[in-house]
$ cat query.cif   # mmCIF, all heavy atoms
data_structure
loop_
_atom_site.label_atom_id
_atom_site.label_comp_id
_atom_site.auth_asym_id
_atom_site.auth_seq_id
_atom_site.Cartn_x
_atom_site.Cartn_y
_atom_site.Cartn_z
N MET A 363 0.85 -1.17 0.00
CA MET A 363 0.00 0.00 0.00
C MET A 363 0.91 1.24 0.00
O MET A 363 1.81 1.33 0.82
CB MET A 363 -0.91 -0.01 1.23
CG MET A 363 -1.72 1.23 1.34
SD MET A 363 -3.07 1.29 2.53
CE MET A 363 -2.73 0.15 3.78
N PRO A 364 0.66 2.17 -0.90
CA PRO A 364 1.49 3.37 -0.94
C PRO A 364 1.23 4.27 0.26
O PRO A 364 0.09 4.64 0.54
CB PRO A 364 1.09 4.04 -2.24
CG PRO A 364 -0.23 3.48 -2.59
CD PRO A 364 -0.32 2.13 -1.95
N MET A 365 2.28 4.60 0.97
CA MET A 365 2.15 5.46 2.16
C MET A 365 1.75 6.88 1.80
O MET A 365 1.07 7.54 2.56
CB MET A 365 3.47 5.46 2.94
CG MET A 365 3.78 4.14 3.60
SD MET A 365 2.51 3.63 4.78
CE MET A 365 2.62 4.91 5.99
N VAL A 366 2.16 7.35 0.63
CA VAL A 366 1.86 8.73 0.27
C VAL A 366 0.36 8.97 0.21
O VAL A 366 -0.12 10.04 0.58
CB VAL A 366 2.57 9.12 -1.05
CG1 VAL A 366 1.96 8.38 -2.23
CG2 VAL A 366 2.50 10.62 -1.28
N ALA A 367 -0.40 7.98 -0.20
CA ALA A 367 -1.86 8.14 -0.29
C ALA A 367 -2.47 8.29 1.10
O ALA A 367 -3.27 9.19 1.34
CB ALA A 367 -2.48 6.96 -1.02
N THR A 368 -2.12 7.43 2.02
CA THR A 368 -2.70 7.51 3.36
C THR A 368 -2.21 8.75 4.10
O THR A 368 -2.96 9.36 4.84
CB THR A 368 -2.39 6.25 4.18
OG1 THR A 368 -0.98 6.01 4.18
CG2 THR A 368 -3.11 5.04 3.62
N GLU A 369 -0.95 9.14 3.89
CA GLU A 369 -0.43 10.35 4.53
C GLU A 369 -1.14 11.60 3.99
O GLU A 369 -1.45 12.52 4.75
CB GLU A 369 1.07 10.46 4.32
CG GLU A 369 1.84 9.40 5.10
CD GLU A 369 3.30 9.33 4.72
OE1 GLU A 369 3.72 9.96 3.73
OE2 GLU A 369 4.04 8.63 5.43
N ALA A 370 -1.39 11.64 2.69
CA ALA A 370 -2.11 12.78 2.11
C ALA A 370 -3.54 12.85 2.63
O ALA A 370 -4.05 13.95 2.91
CB ALA A 370 -2.10 12.68 0.59
N MET A 371 -4.18 11.71 2.78
CA MET A 371 -5.55 11.69 3.29
C MET A 371 -5.61 12.19 4.74
O MET A 371 -6.58 12.83 5.13
CB MET A 371 -6.14 10.29 3.17
CG MET A 371 -6.41 9.88 1.74
SD MET A 371 -6.94 8.18 1.57
CE MET A 371 -8.63 8.31 2.13
N GLN A 372 -4.58 11.90 5.52
CA GLN A 372 -4.54 12.38 6.91
C GLN A 372 -4.47 13.90 6.97
O GLN A 372 -4.92 14.49 7.94
CB GLN A 372 -3.34 11.79 7.64
CG GLN A 372 -3.48 10.33 7.96
CD GLN A 372 -2.24 9.76 8.62
OE1 GLN A 372 -1.15 10.31 8.53
NE2 GLN A 372 -2.41 8.63 9.28
N CYS A 373 -3.94 14.52 5.92
CA CYS A 373 -3.85 15.98 5.86
C CYS A 373 -5.08 16.61 5.22
O CYS A 373 -5.13 17.82 5.02
CB CYS A 373 -2.60 16.38 5.07
SG CYS A 373 -1.08 15.95 5.91
N GLY A 374 -6.07 15.80 4.85
CA GLY A 374 -7.31 16.31 4.29
C GLY A 374 -7.30 16.47 2.78
O GLY A 374 -8.19 17.09 2.23
N THR A 375 -6.31 15.92 2.13
CA THR A 375 -6.22 16.02 0.68
C THR A 375 -7.19 15.04 0.02
O THR A 375 -7.31 13.90 0.45
CB THR A 375 -4.79 15.69 0.21
OG1 THR A 375 -3.88 16.56 0.88
CG2 THR A 375 -4.63 15.83 -1.27
N VAL A 376 -7.87 15.50 -1.01
CA VAL A 376 -8.73 14.61 -1.79
C VAL A 376 -7.86 13.99 -2.88
O VAL A 376 -7.25 14.69 -3.68
CB VAL A 376 -9.91 15.39 -2.43
CG1 VAL A 376 -10.73 14.46 -3.31
CG2 VAL A 376 -10.76 16.01 -1.35
N LEU A 377 -7.79 12.68 -2.91
CA LEU A 377 -6.92 11.99 -3.85
C LEU A 377 -7.62 11.74 -5.18
O LEU A 377 -8.80 11.40 -5.22
CB LEU A 377 -6.48 10.64 -3.28
CG LEU A 377 -5.69 10.69 -1.97
CD1 LEU A 377 -5.36 9.27 -1.53
CD2 LEU A 377 -4.44 11.50 -2.11
N VAL A 378 -6.87 11.91 -6.25
CA VAL A 378 -7.30 11.51 -7.58
C VAL A 378 -6.27 10.49 -8.03
O VAL A 378 -5.11 10.82 -8.25
CB VAL A 378 -7.33 12.72 -8.55
CG1 VAL A 378 -7.73 12.25 -9.94
CG2 VAL A 378 -8.28 13.78 -8.04
N VAL A 379 -6.70 9.23 -8.13
CA VAL A 379 -5.77 8.12 -8.32
C VAL A 379 -6.23 7.23 -9.46
O VAL A 379 -7.42 6.94 -9.59
CB VAL A 379 -5.68 7.29 -7.02
CG1 VAL A 379 -4.81 6.08 -7.17
CG2 VAL A 379 -5.20 8.15 -5.86
N PHE A 380 -5.27 6.79 -10.27
CA PHE A 380 -5.57 5.76 -11.25
C PHE A 380 -5.75 4.43 -10.52
O PHE A 380 -4.94 4.07 -9.67
CB PHE A 380 -4.42 5.62 -12.27
CG PHE A 380 -4.35 6.75 -13.24
CD1 PHE A 380 -3.27 7.61 -13.24
CD2 PHE A 380 -5.34 6.94 -14.19
CE1 PHE A 380 -3.19 8.66 -14.14
CE2 PHE A 380 -5.28 7.98 -15.10
CZ PHE A 380 -4.19 8.84 -15.07
N ASP A 381 -6.78 3.72 -10.84
CA ASP A 381 -7.07 2.42 -10.21
C ASP A 381 -6.22 1.34 -10.88
O ASP A 381 -6.73 0.38 -11.44
CB ASP A 381 -8.56 2.11 -10.34
CG ASP A 381 -9.00 0.98 -9.45
OD1 ASP A 381 -8.20 0.54 -8.59
OD2 ASP A 381 -10.14 0.52 -9.61
N SER A 382 -4.90 1.53 -10.81
CA SER A 382 -3.98 0.64 -11.52
C SER A 382 -3.19 -0.26 -10.58
O SER A 382 -2.33 -1.00 -11.02
CB SER A 382 -3.01 1.46 -12.38
OG SER A 382 -2.28 2.34 -11.56
N PHE A 383 -3.47 -0.19 -9.30
CA PHE A 383 -2.81 -1.09 -8.35
C PHE A 383 -3.86 -1.63 -7.38
O PHE A 383 -4.87 -0.99 -7.13
CB PHE A 383 -1.64 -0.40 -7.63
CG PHE A 383 -2.01 0.84 -6.87
CD1 PHE A 383 -2.25 0.80 -5.51
CD2 PHE A 383 -2.10 2.07 -7.52
CE1 PHE A 383 -2.58 1.94 -4.81
CE2 PHE A 383 -2.43 3.22 -6.82
CZ PHE A 383 -2.67 3.16 -5.47
N ALA A 384 -3.60 -2.80 -6.86
CA ALA A 384 -4.61 -3.52 -6.09
C ALA A 384 -5.11 -2.77 -4.86
O ALA A 384 -6.28 -2.84 -4.51
CB ALA A 384 -4.07 -4.88 -5.67
N ALA A 385 -4.25 -2.02 -4.20
CA ALA A 385 -4.64 -1.37 -2.96
C ALA A 385 -5.43 -0.08 -3.17
O ALA A 385 -5.99 0.46 -2.22
CB ALA A 385 -3.39 -1.06 -2.13
N ALA A 386 -5.51 0.42 -4.39
CA ALA A 386 -6.19 1.70 -4.64
C ALA A 386 -7.63 1.67 -4.15
O ALA A 386 -8.08 2.58 -3.45
CB ALA A 386 -6.14 2.06 -6.12
N SER A 387 -8.37 0.64 -4.49
CA SER A 387 -9.78 0.57 -4.07
C SER A 387 -9.92 0.21 -2.60
O SER A 387 -10.98 0.40 -2.01
CB SER A 387 -10.54 -0.43 -4.94
OG SER A 387 -9.96 -1.71 -4.84
N SER A 388 -8.85 -0.27 -1.97
CA SER A 388 -8.88 -0.51 -0.53
C SER A 388 -8.67 0.77 0.25
O SER A 388 -9.17 0.93 1.36
CB SER A 388 -7.79 -1.51 -0.14
OG SER A 388 -8.01 -2.75 -0.75
N ILE A 389 -7.95 1.71 -0.35
CA ILE A 389 -7.64 2.97 0.32
C ILE A 389 -8.74 4.00 0.07
O ILE A 389 -9.14 4.73 0.97
CB ILE A 389 -6.30 3.54 -0.20
CG1 ILE A 389 -5.17 2.57 0.10
CG2 ILE A 389 -6.01 4.90 0.40
CD1 ILE A 389 -3.88 2.93 -0.61
N ILE A 390 -9.25 4.05 -1.16
CA ILE A 390 -10.16 5.11 -1.58
C ILE A 390 -11.53 4.54 -1.91
O ILE A 390 -11.63 3.56 -2.65
CB ILE A 390 -9.61 5.84 -2.82
CG1 ILE A 390 -8.25 6.46 -2.49
CG2 ILE A 390 -10.57 6.89 -3.32
CD1 ILE A 390 -7.52 6.93 -3.70
N THR A 391 -12.57 5.17 -1.40
CA THR A 391 -13.94 4.88 -1.82
C THR A 391 -14.31 5.96 -2.83
O THR A 391 -14.35 7.14 -2.48
CB THR A 391 -14.90 4.90 -0.62
OG1 THR A 391 -14.43 3.97 0.35
CG2 THR A 391 -16.31 4.55 -1.05
N HIS A 392 -14.57 5.54 -4.06
CA HIS A 392 -14.81 6.48 -5.16
C HIS A 392 -15.93 7.46 -4.83
O HIS A 392 -16.99 7.08 -4.35
CB HIS A 392 -15.14 5.72 -6.45
CG HIS A 392 -15.35 6.61 -7.63
ND1 HIS A 392 -14.35 7.36 -8.17
CD2 HIS A 392 -16.45 6.88 -8.35
CE1 HIS A 392 -14.83 8.06 -9.20
NE2 HIS A 392 -16.11 7.77 -9.32
N ASN A 393 -15.65 8.75 -5.06
CA ASN A 393 -16.58 9.87 -4.81
C ASN A 393 -16.97 10.04 -3.35
O ASN A 393 -17.89 10.79 -3.04
CB ASN A 393 -17.84 9.76 -5.67
CG ASN A 393 -17.57 10.11 -7.11
OD1 ASN A 393 -16.65 10.86 -7.43
ND2 ASN A 393 -18.37 9.58 -8.00
N GLU A 394 -16.29 9.34 -2.45
CA GLU A 394 -16.56 9.54 -1.02
C GLU A 394 -15.36 10.21 -0.36
O GLU A 394 -15.52 11.24 0.28
CB GLU A 394 -16.86 8.20 -0.35
CG GLU A 394 -17.33 8.35 1.07
CD GLU A 394 -17.79 7.04 1.64
OE1 GLU A 394 -18.59 6.35 1.00
OE2 GLU A 394 -17.33 6.71 2.76
N ASP A 395 -14.20 9.63 -0.50
CA ASP A 395 -13.00 10.24 0.07
C ASP A 395 -11.89 10.41 -0.96
O ASP A 395 -10.74 10.66 -0.62
CB ASP A 395 -12.50 9.45 1.28
CG ASP A 395 -12.30 7.98 0.99
OD1 ASP A 395 -12.32 7.59 -0.18
OD2 ASP A 395 -12.13 7.23 1.95
N GLY A 396 -12.24 10.28 -2.22
CA GLY A 396 -11.29 10.45 -3.31
C GLY A 396 -11.94 10.07 -4.63
O GLY A 396 -13.13 9.77 -4.68
N ILE A 397 -11.14 10.12 -5.67
CA ILE A 397 -11.64 9.79 -7.01
C ILE A 397 -10.75 8.71 -7.60
O ILE A 397 -9.53 8.86 -7.66
CB ILE A 397 -11.65 11.03 -7.92
CG1 ILE A 397 -12.57 12.11 -7.34
CG2 ILE A 397 -12.06 10.66 -9.34
CD1 ILE A 397 -12.49 13.44 -8.03
N LEU A 398 -11.36 7.61 -8.01
CA LEU A 398 -10.64 6.53 -8.69
C LEU A 398 -10.92 6.64 -10.18
O LEU A 398 -12.08 6.71 -10.60
CB LEU A 398 -11.11 5.16 -8.20
CG LEU A 398 -10.63 4.75 -6.82
CD1 LEU A 398 -11.30 3.45 -6.40
CD2 LEU A 398 -9.13 4.60 -6.78
N LEU A 399 -9.87 6.66 -10.96
CA LEU A 399 -9.99 6.76 -12.41
C LEU A 399 -9.58 5.45 -13.05
O LEU A 399 -8.75 4.72 -12.51
CB LEU A 399 -9.08 7.87 -12.93
CG LEU A 399 -9.38 9.27 -12.41
CD1 LEU A 399 -8.30 10.23 -12.86
CD2 LEU A 399 -10.73 9.73 -12.88
N PRO A 400 -10.13 5.13 -14.23
CA PRO A 400 -9.69 3.94 -14.93
C PRO A 400 -8.18 4.03 -15.21
O PRO A 400 -7.66 5.12 -15.46
CB PRO A 400 -10.48 3.97 -16.25
CG PRO A 400 -11.64 4.86 -15.97
CD PRO A 400 -11.19 5.85 -14.96
N PRO A 401 -7.49 2.91 -15.13
CA PRO A 401 -6.03 2.93 -15.31
C PRO A 401 -5.60 3.62 -16.60
O PRO A 401 -6.11 3.31 -17.67
CB PRO A 401 -5.65 1.45 -15.33
CG PRO A 401 -6.74 0.78 -14.58
CD PRO A 401 -7.98 1.58 -14.88
N PHE A 402 -4.68 4.57 -16.46
CA PHE A 402 -3.99 5.23 -17.58
C PHE A 402 -4.92 5.97 -18.53
O PHE A 402 -4.57 6.23 -19.65
CB PHE A 402 -3.13 4.22 -18.34
CG PHE A 402 -2.30 3.38 -17.42
CD1 PHE A 402 -2.58 2.03 -17.26
CD2 PHE A 402 -1.27 3.93 -16.70
CE1 PHE A 402 -1.82 1.24 -16.40
CE2 PHE A 402 -0.51 3.16 -15.82
CZ PHE A 402 -0.79 1.80 -15.68
N ASN A 403 -6.11 6.35 -18.07
CA ASN A 403 -7.06 7.09 -18.89
C ASN A 403 -6.82 8.59 -18.68
O ASN A 403 -7.41 9.22 -17.81
CB ASN A 403 -8.48 6.70 -18.51
CG ASN A 403 -9.50 7.26 -19.46
OD1 ASN A 403 -9.31 8.31 -20.06
ND2 ASN A 403 -10.63 6.56 -19.60
N LEU A 404 -5.94 9.17 -19.47
CA LEU A 404 -5.55 10.56 -19.29
C LEU A 404 -6.66 11.55 -19.58
O LEU A 404 -6.73 12.61 -18.96
CB LEU A 404 -4.32 10.87 -20.16
CG LEU A 404 -3.05 10.12 -19.76
CD1 LEU A 404 -1.93 10.47 -20.71
CD2 LEU A 404 -2.67 10.41 -18.33
N SER A 405 -7.57 11.22 -20.49
CA SER A 405 -8.67 12.15 -20.77
C SER A 405 -9.59 12.29 -19.55
O SER A 405 -10.07 13.37 -19.26
CB SER A 405 -9.45 11.71 -22.00
OG SER A 405 -10.06 10.46 -21.80
N ARG A 406 -9.85 11.21 -18.83
CA ARG A 406 -10.65 11.30 -17.59
C ARG A 406 -9.91 12.06 -16.52
O ARG A 406 -10.48 12.83 -15.76
CB ARG A 406 -10.99 9.90 -17.06
CG ARG A 406 -12.06 9.16 -17.80
CD ARG A 406 -13.47 9.59 -17.44
NE ARG A 406 -13.83 9.52 -16.05
CZ ARG A 406 -14.28 8.46 -15.42
NH1 ARG A 406 -14.46 7.33 -16.07
NH2 ARG A 406 -14.59 8.51 -14.15
N TYR A 407 -8.59 11.88 -16.46
CA TYR A 407 -7.76 12.60 -15.49
C TYR A 407 -7.83 14.11 -15.76
O TYR A 407 -7.96 14.89 -14.82
CB TYR A 407 -6.33 12.10 -15.58
CG TYR A 407 -5.38 12.83 -14.66
CD1 TYR A 407 -5.36 12.54 -13.30
CD2 TYR A 407 -4.52 13.78 -15.15
CE1 TYR A 407 -4.49 13.21 -12.46
CE2 TYR A 407 -3.63 14.45 -14.32
CZ TYR A 407 -3.63 14.15 -12.97
OH TYR A 407 -2.78 14.82 -12.13
N GLU A 408 -7.78 14.49 -17.01
CA GLU A 408 -7.82 15.91 -17.36
C GLU A 408 -9.14 16.55 -16.98
O GLU A 408 -9.19 17.72 -16.62
CB GLU A 408 -7.57 16.09 -18.86
CG GLU A 408 -6.16 15.76 -19.27
CD GLU A 408 -5.98 15.73 -20.77
OE1 GLU A 408 -6.98 15.82 -21.51
OE2 GLU A 408 -4.82 15.61 -21.20
N ARG A 409 -10.24 15.80 -17.03
CA ARG A 409 -11.56 16.34 -16.70
C ARG A 409 -11.75 16.51 -15.20
O ARG A 409 -12.59 17.25 -14.75
CB ARG A 409 -12.67 15.47 -17.24
CG ARG A 409 -12.81 15.60 -18.75
CD ARG A 409 -13.95 14.80 -19.23
NE ARG A 409 -13.47 13.41 -19.32
CZ ARG A 409 -14.21 12.38 -19.67
NH1 ARG A 409 -15.47 12.55 -19.93
NH2 ARG A 409 -13.69 11.18 -19.74
N ASN A 410 -10.99 15.76 -14.39
CA ASN A 410 -11.12 15.83 -12.94
C ASN A 410 -10.06 16.75 -12.42
O ASN A 410 -10.02 17.37 -11.54
CB ASN A 410 -10.99 14.45 -12.30
CG ASN A 410 -12.21 13.60 -12.58
OD1 ASN A 410 -13.29 13.99 -12.22
ND2 ASN A 410 -12.04 12.49 -13.22
#
$ encode --input "query.cif" --output "structure tokens"
Amino acid sequence: MPMVATEAMQCGTVLVVFDSFAAASSIITHNEDGILLPPFNLSRYERN
């Protein structure tokens, strides 16, 4: 699990993460405490 994600959440940062690793959906609940994007979909990233 990437520590940077949990550390950023502790500081109140809203995460925008590509769902390209197994722990992403364990750390973030989509549209609740962050945004999960389809892996490597840059057009969706640009819109968020």
$ resolve_selection --input "query.cif" --expression "the PyMOL selection byres ((chain A and resi 397) around 3.5)" --output "list in words"
Leu377, Val378, Val379, Gly396 and Leu398 of chain A
$ select_by_dssp --input "query.cif" --residues "chain A" --states "helix (DSSP H, G or I)" --output "ChimeraX atom specification"
/A:365-372,386-389,404-409
$ resolve_selection --input "query.cif" --expression "the PyMOL selection byres ((chain A and resi 364) around 5)" --output "ChimeraX atom specification"
/A:363,365-368,383,385,389
$ write_last_selection --input "query.cif" --atoms "all heavy atoms" --output "mmCIF file, in the coordinates of the input"
data_model
loop_
_atom_site.group_PDB
_atom_site.id
_atom_site.type_symbol
_atom_site.label_atom_id
_atom_site.label_comp_id
_atom_site.auth_asym_id
_atom_site.auth_seq_id
_atom_site.Cartn_x
_atom_site.Cartn_y
_atom_site.Cartn_z
ATOM 1 N N MET A 363 0.850 -1.170 0.000
ATOM 2 C CA MET A 363 0.000 0.000 0.000
ATOM 3 C C MET A 363 0.910 1.240 0.000
ATOM 4 O O MET A 363 1.810 1.330 0.820
ATOM 5 C CB MET A 363 -0.910 -0.010 1.230
ATOM 6 C CG MET A 363 -1.720 1.230 1.340
ATOM 7 S SD MET A 363 -3.070 1.290 2.530
ATOM 8 C CE MET A 363 -2.730 0.150 3.780
ATOM 9 N N MET A 365 2.280 4.600 0.970
ATOM 10 C CA MET A 365 2.150 5.460 2.160
ATOM 11 C C MET A 365 1.750 6.880 1.800
ATOM 12 O O MET A 365 1.070 7.540 2.560
ATOM 13 C CB MET A 365 3.470 5.460 2.940
ATOM 14 C CG MET A 365 3.780 4.140 3.600
ATOM 15 S SD MET A 365 2.510 3.630 4.780
ATOM 16 C CE MET A 365 2.620 4.910 5.990
ATOM 17 N N VAL A 366 2.160 7.350 0.630
ATOM 18 C CA VAL A 366 1.860 8.730 0.270
ATOM 19 C C VAL A 366 0.360 8.970 0.210
ATOM 20 O O VAL A 366 -0.120 10.040 0.580
ATOM 21 C CB VAL A 366 2.570 9.120 -1.050
ATOM 22 C CG1 VAL A 366 1.960 8.380 -2.230
ATOM 23 C CG2 VAL A 366 2.500 10.620 -1.280
ATOM 24 N N ALA A 367 -0.400 7.980 -0.200
ATOM 25 C CA ALA A 367 -1.860 8.140 -0.290
ATOM 26 C C ALA A 367 -2.470 8.290 1.100
ATOM 27 O O ALA A 367 -3.270 9.190 1.340
ATOM 28 C CB ALA A 367 -2.480 6.960 -1.020
ATOM 29 N N THR A 368 -2.120 7.430 2.020
ATOM 30 C CA THR A 368 -2.700 7.510 3.360
ATOM 31 C C THR A 368 -2.210 8.750 4.100
ATOM 32 O O THR A 368 -2.960 9.360 4.840
ATOM 33 C CB THR A 368 -2.390 6.250 4.180
ATOM 34 O OG1 THR A 368 -0.980 6.010 4.180
ATOM 35 C CG2 THR A 368 -3.110 5.040 3.620
ATOM 36 N N PHE A 383 -3.470 -0.190 -9.300
ATOM 37 C CA PHE A 383 -2.810 -1.090 -8.350
ATOM 38 C C PHE A 383 -3.860 -1.630 -7.380
ATOM 39 O O PHE A 383 -4.870 -0.990 -7.130
ATOM 40 C CB PHE A 383 -1.640 -0.400 -7.630
ATOM 41 C CG PHE A 383 -2.010 0.840 -6.870
ATOM 42 C CD1 PHE A 383 -2.250 0.800 -5.510
ATOM 43 C CD2 PHE A 383 -2.100 2.070 -7.520
ATOM 44 C CE1 PHE A 383 -2.580 1.940 -4.810
ATOM 45 C CE2 PHE A 383 -2.430 3.220 -6.820
ATOM 46 C CZ PHE A 383 -2.670 3.160 -5.470
ATOM 47 N N ALA A 385 -4.250 -2.020 -4.200
ATOM 48 C CA ALA A 385 -4.640 -1.370 -2.960
ATOM 49 C C ALA A 385 -5.430 -0.080 -3.170
ATOM 50 O O ALA A 385 -5.990 0.460 -2.220
ATOM 51 C CB ALA A 385 -3.390 -1.060 -2.130
ATOM 52 N N ILE A 389 -7.950 1.710 -0.350
ATOM 53 C CA ILE A 389 -7.640 2.970 0.320
ATOM 54 C C ILE A 389 -8.740 4.000 0.070
ATOM 55 O O ILE A 389 -9.140 4.730 0.970
ATOM 56 C CB ILE A 389 -6.300 3.540 -0.200
ATOM 57 C CG1 ILE A 389 -5.170 2.570 0.100
ATOM 58 C CG2 ILE A 389 -6.010 4.900 0.400
ATOM 59 C CD1 ILE A 389 -3.880 2.930 -0.610
#
$ atom_distance --input "query.cif" --atom1 "atom CG of A:Glu369" --atom2 "atom NE of A:Arg409"
29.1 Å
$ closest_residue --input "query.cif" --among "A:Thr391, A:Ala370, A:Asp381, A:Thr375" --to "A:Asn403" --atoms "only C-alpha atoms"
A:Asp381
$ select_by_dssp --input "query.cif" --residues "chain A" --states "strand (DSSP E)" --output "VMD selection string"
chain A and resid 377 to 380 396 to 399
$ write_last_selection --input "query.cif" --atoms "all heavy atoms" --output "PDB file, in the coordinates of the input"
ATOM      1  N   LEU A 377      -7.790  12.680  -2.910  1.00  0.00           N
ATOM      2  CA  LEU A 377      -6.920  11.990  -3.850  1.00  0.00           C
ATOM      3  C   LEU A 377      -7.620  11.740  -5.180  1.00  0.00           C
ATOM      4  O   LEU A 377      -8.800  11.400  -5.220  1.00  0.00           O
ATOM      5  CB  LEU A 377      -6.480  10.640  -3.280  1.00  0.00           C
ATOM      6  CG  LEU A 377      -5.690  10.690  -1.970  1.00  0.00           C
ATOM      7  CD1 LEU A 377      -5.360   9.270  -1.530  1.00  0.00           C
ATOM      8  CD2 LEU A 377      -4.440  11.500  -2.110  1.00  0.00           C
ATOM      9  N   VAL A 378      -6.870  11.910  -6.250  1.00  0.00           N
ATOM     10  CA  VAL A 378      -7.300  11.510  -7.580  1.00  0.00           C
ATOM     11  C   VAL A 378      -6.270  10.490  -8.030  1.00  0.00           C
ATOM     12  O   VAL A 378      -5.110  10.820  -8.250  1.00  0.00           O
ATOM     13  CB  VAL A 378      -7.330  12.720  -8.550  1.00  0.00           C
ATOM     14  CG1 VAL A 378      -7.730  12.250  -9.940  1.00  0.00           C
ATOM     15  CG2 VAL A 378      -8.280  13.780  -8.040  1.00  0.00           C
ATOM     16  N   VAL A 379      -6.700   9.230  -8.130  1.00  0.00           N
ATOM     17  CA  VAL A 379      -5.770   8.120  -8.320  1.00  0.00           C
ATOM     18  C   VAL A 379      -6.230   7.230  -9.460  1.00  0.00           C
ATOM     19  O   VAL A 379      -7.420   6.940  -9.590  1.00  0.00           O
ATOM     20  CB  VAL A 379      -5.680   7.290  -7.020  1.00  0.00           C
ATOM     21  CG1 VAL A 379      -4.810   6.080  -7.170  1.00  0.00           C
ATOM     22  CG2 VAL A 379      -5.200   8.150  -5.860  1.00  0.00           C
ATOM     23  N   PHE A 380      -5.270   6.790 -10.270  1.00  0.00           N
ATOM     24  CA  PHE A 380      -5.570   5.760 -11.250  1.00  0.00           C
ATOM     25  C   PHE A 380      -5.750   4.430 -10.520  1.00  0.00           C
ATOM     26  O   PHE A 380      -4.940   4.070  -9.670  1.00  0.00           O
ATOM     27  CB  PHE A 380      -4.420   5.620 -12.270  1.00  0.00           C
ATOM     28  CG  PHE A 380      -4.350   6.750 -13.240  1.00  0.00           C
ATOM     29  CD1 PHE A 380      -3.270   7.610 -13.240  1.00  0.00           C
ATOM     30  CD2 PHE A 380      -5.340   6.940 -14.190  1.00  0.00           C
ATOM     31  CE1 PHE A 380      -3.190   8.660 -14.140  1.00  0.00           C
ATOM     32  CE2 PHE A 380      -5.280   7.980 -15.100  1.00  0.00           C
ATOM     33  CZ  PHE A 380      -4.190   8.840 -15.070  1.00  0.00           C
ATOM     34  N   GLY A 396     -12.240  10.280  -2.220  1.00  0.00           N
ATOM     35  CA  GLY A 396     -11.290  10.450  -3.310  1.00  0.00           C
ATOM     36  C   GLY A 396     -11.940  10.070  -4.630  1.00  0.00           C
ATOM     37  O   GLY A 396     -13.130   9.770  -4.680  1.00  0.00           O
ATOM     38  N   ILE A 397     -11.140  10.120  -5.670  1.00  0.00           N
ATOM     39  CA  ILE A 397     -11.640   9.790  -7.010  1.00  0.00           C
ATOM     40  C   ILE A 397     -10.750   8.710  -7.600  1.00  0.00           C
ATOM     41  O   ILE A 397      -9.530   8.860  -7.660  1.00  0.00           O
ATOM     42  CB  ILE A 397     -11.650  11.030  -7.920  1.00  0.00           C
ATOM     43  CG1 ILE A 397     -12.570  12.110  -7.340  1.00  0.00           C
ATOM     44  CG2 ILE A 397     -12.060  10.660  -9.340  1.00  0.00           C
ATOM     45  CD1 ILE A 397     -12.490  13.440  -8.030  1.00  0.00           C
ATOM     46  N   LEU A 398     -11.360   7.610  -8.010  1.00  0.00           N
ATOM     47  CA  LEU A 398     -10.640   6.530  -8.690  1.00  0.00           C
ATOM     48  C   LEU A 398     -10.920   6.640 -10.180  1.00  0.00           C
ATOM     49  O   LEU A 398     -12.080   6.710 -10.600  1.00  0.00           O
ATOM     50  CB  LEU A 398     -11.110   5.160  -8.200  1.00  0.00           C
ATOM     51  CG  LEU A 398     -10.630   4.750  -6.820  1.00  0.00           C
ATOM     52  CD1 LEU A 398     -11.300   3.450  -6.400  1.00  0.00           C
ATOM     53  CD2 LEU A 398      -9.130   4.600  -6.780  1.00  0.00           C
ATOM     54  N   LEU A 399      -9.870   6.660 -10.960  1.00  0.00           N
ATOM     55  CA  LEU A 399      -9.990   6.760 -12.410  1.00  0.00           C
ATOM     56  C   LEU A 399      -9.580   5.450 -13.050  1.00  0.00           C
ATOM     57  O   LEU A 399      -8.750   4.720 -12.510  1.00  0.00           O
ATOM     58  CB  LEU A 399      -9.080   7.870 -12.930  1.00  0.00           C
ATOM     59  CG  LEU A 399      -9.380   9.270 -12.410  1.00  0.00           C
ATOM     60  CD1 LEU A 399      -8.300  10.230 -12.860  1.00  0.00           C
ATOM     61  CD2 LEU A 399     -10.730   9.730 -12.880  1.00  0.00           C
TER      62      LEU A 399
END
$ residues_around --input "query.cif" --residues "A:Leu404" --least-positions-apart "3" --cutoff "4.5 Å" --atoms "all atoms listed in the file" --output "PyMOL selection string"
chain A and resi 380+407-408
$ atom_distance --input "query.cif" --atom1 "atom CB of A:Gln372" --atom2 "atom N of A:Asp395"
13.7 Å
$ atom_distance --input "query.cif" --atom1 "atom C of A:Arg406" --atom2 "atom NE2 of A:His392"
10.4 Å
$ axis_aligned_box --input "query.cif" --around "stretch 388-396 of chain A" --padding-each-side "5 Å" --output "JSON"
{"center_x": -11.2, "center_y": 4.2, "center_z": -3.3, "size_x": 24.7, "size_y": 24.0, "size_z": 22.1}
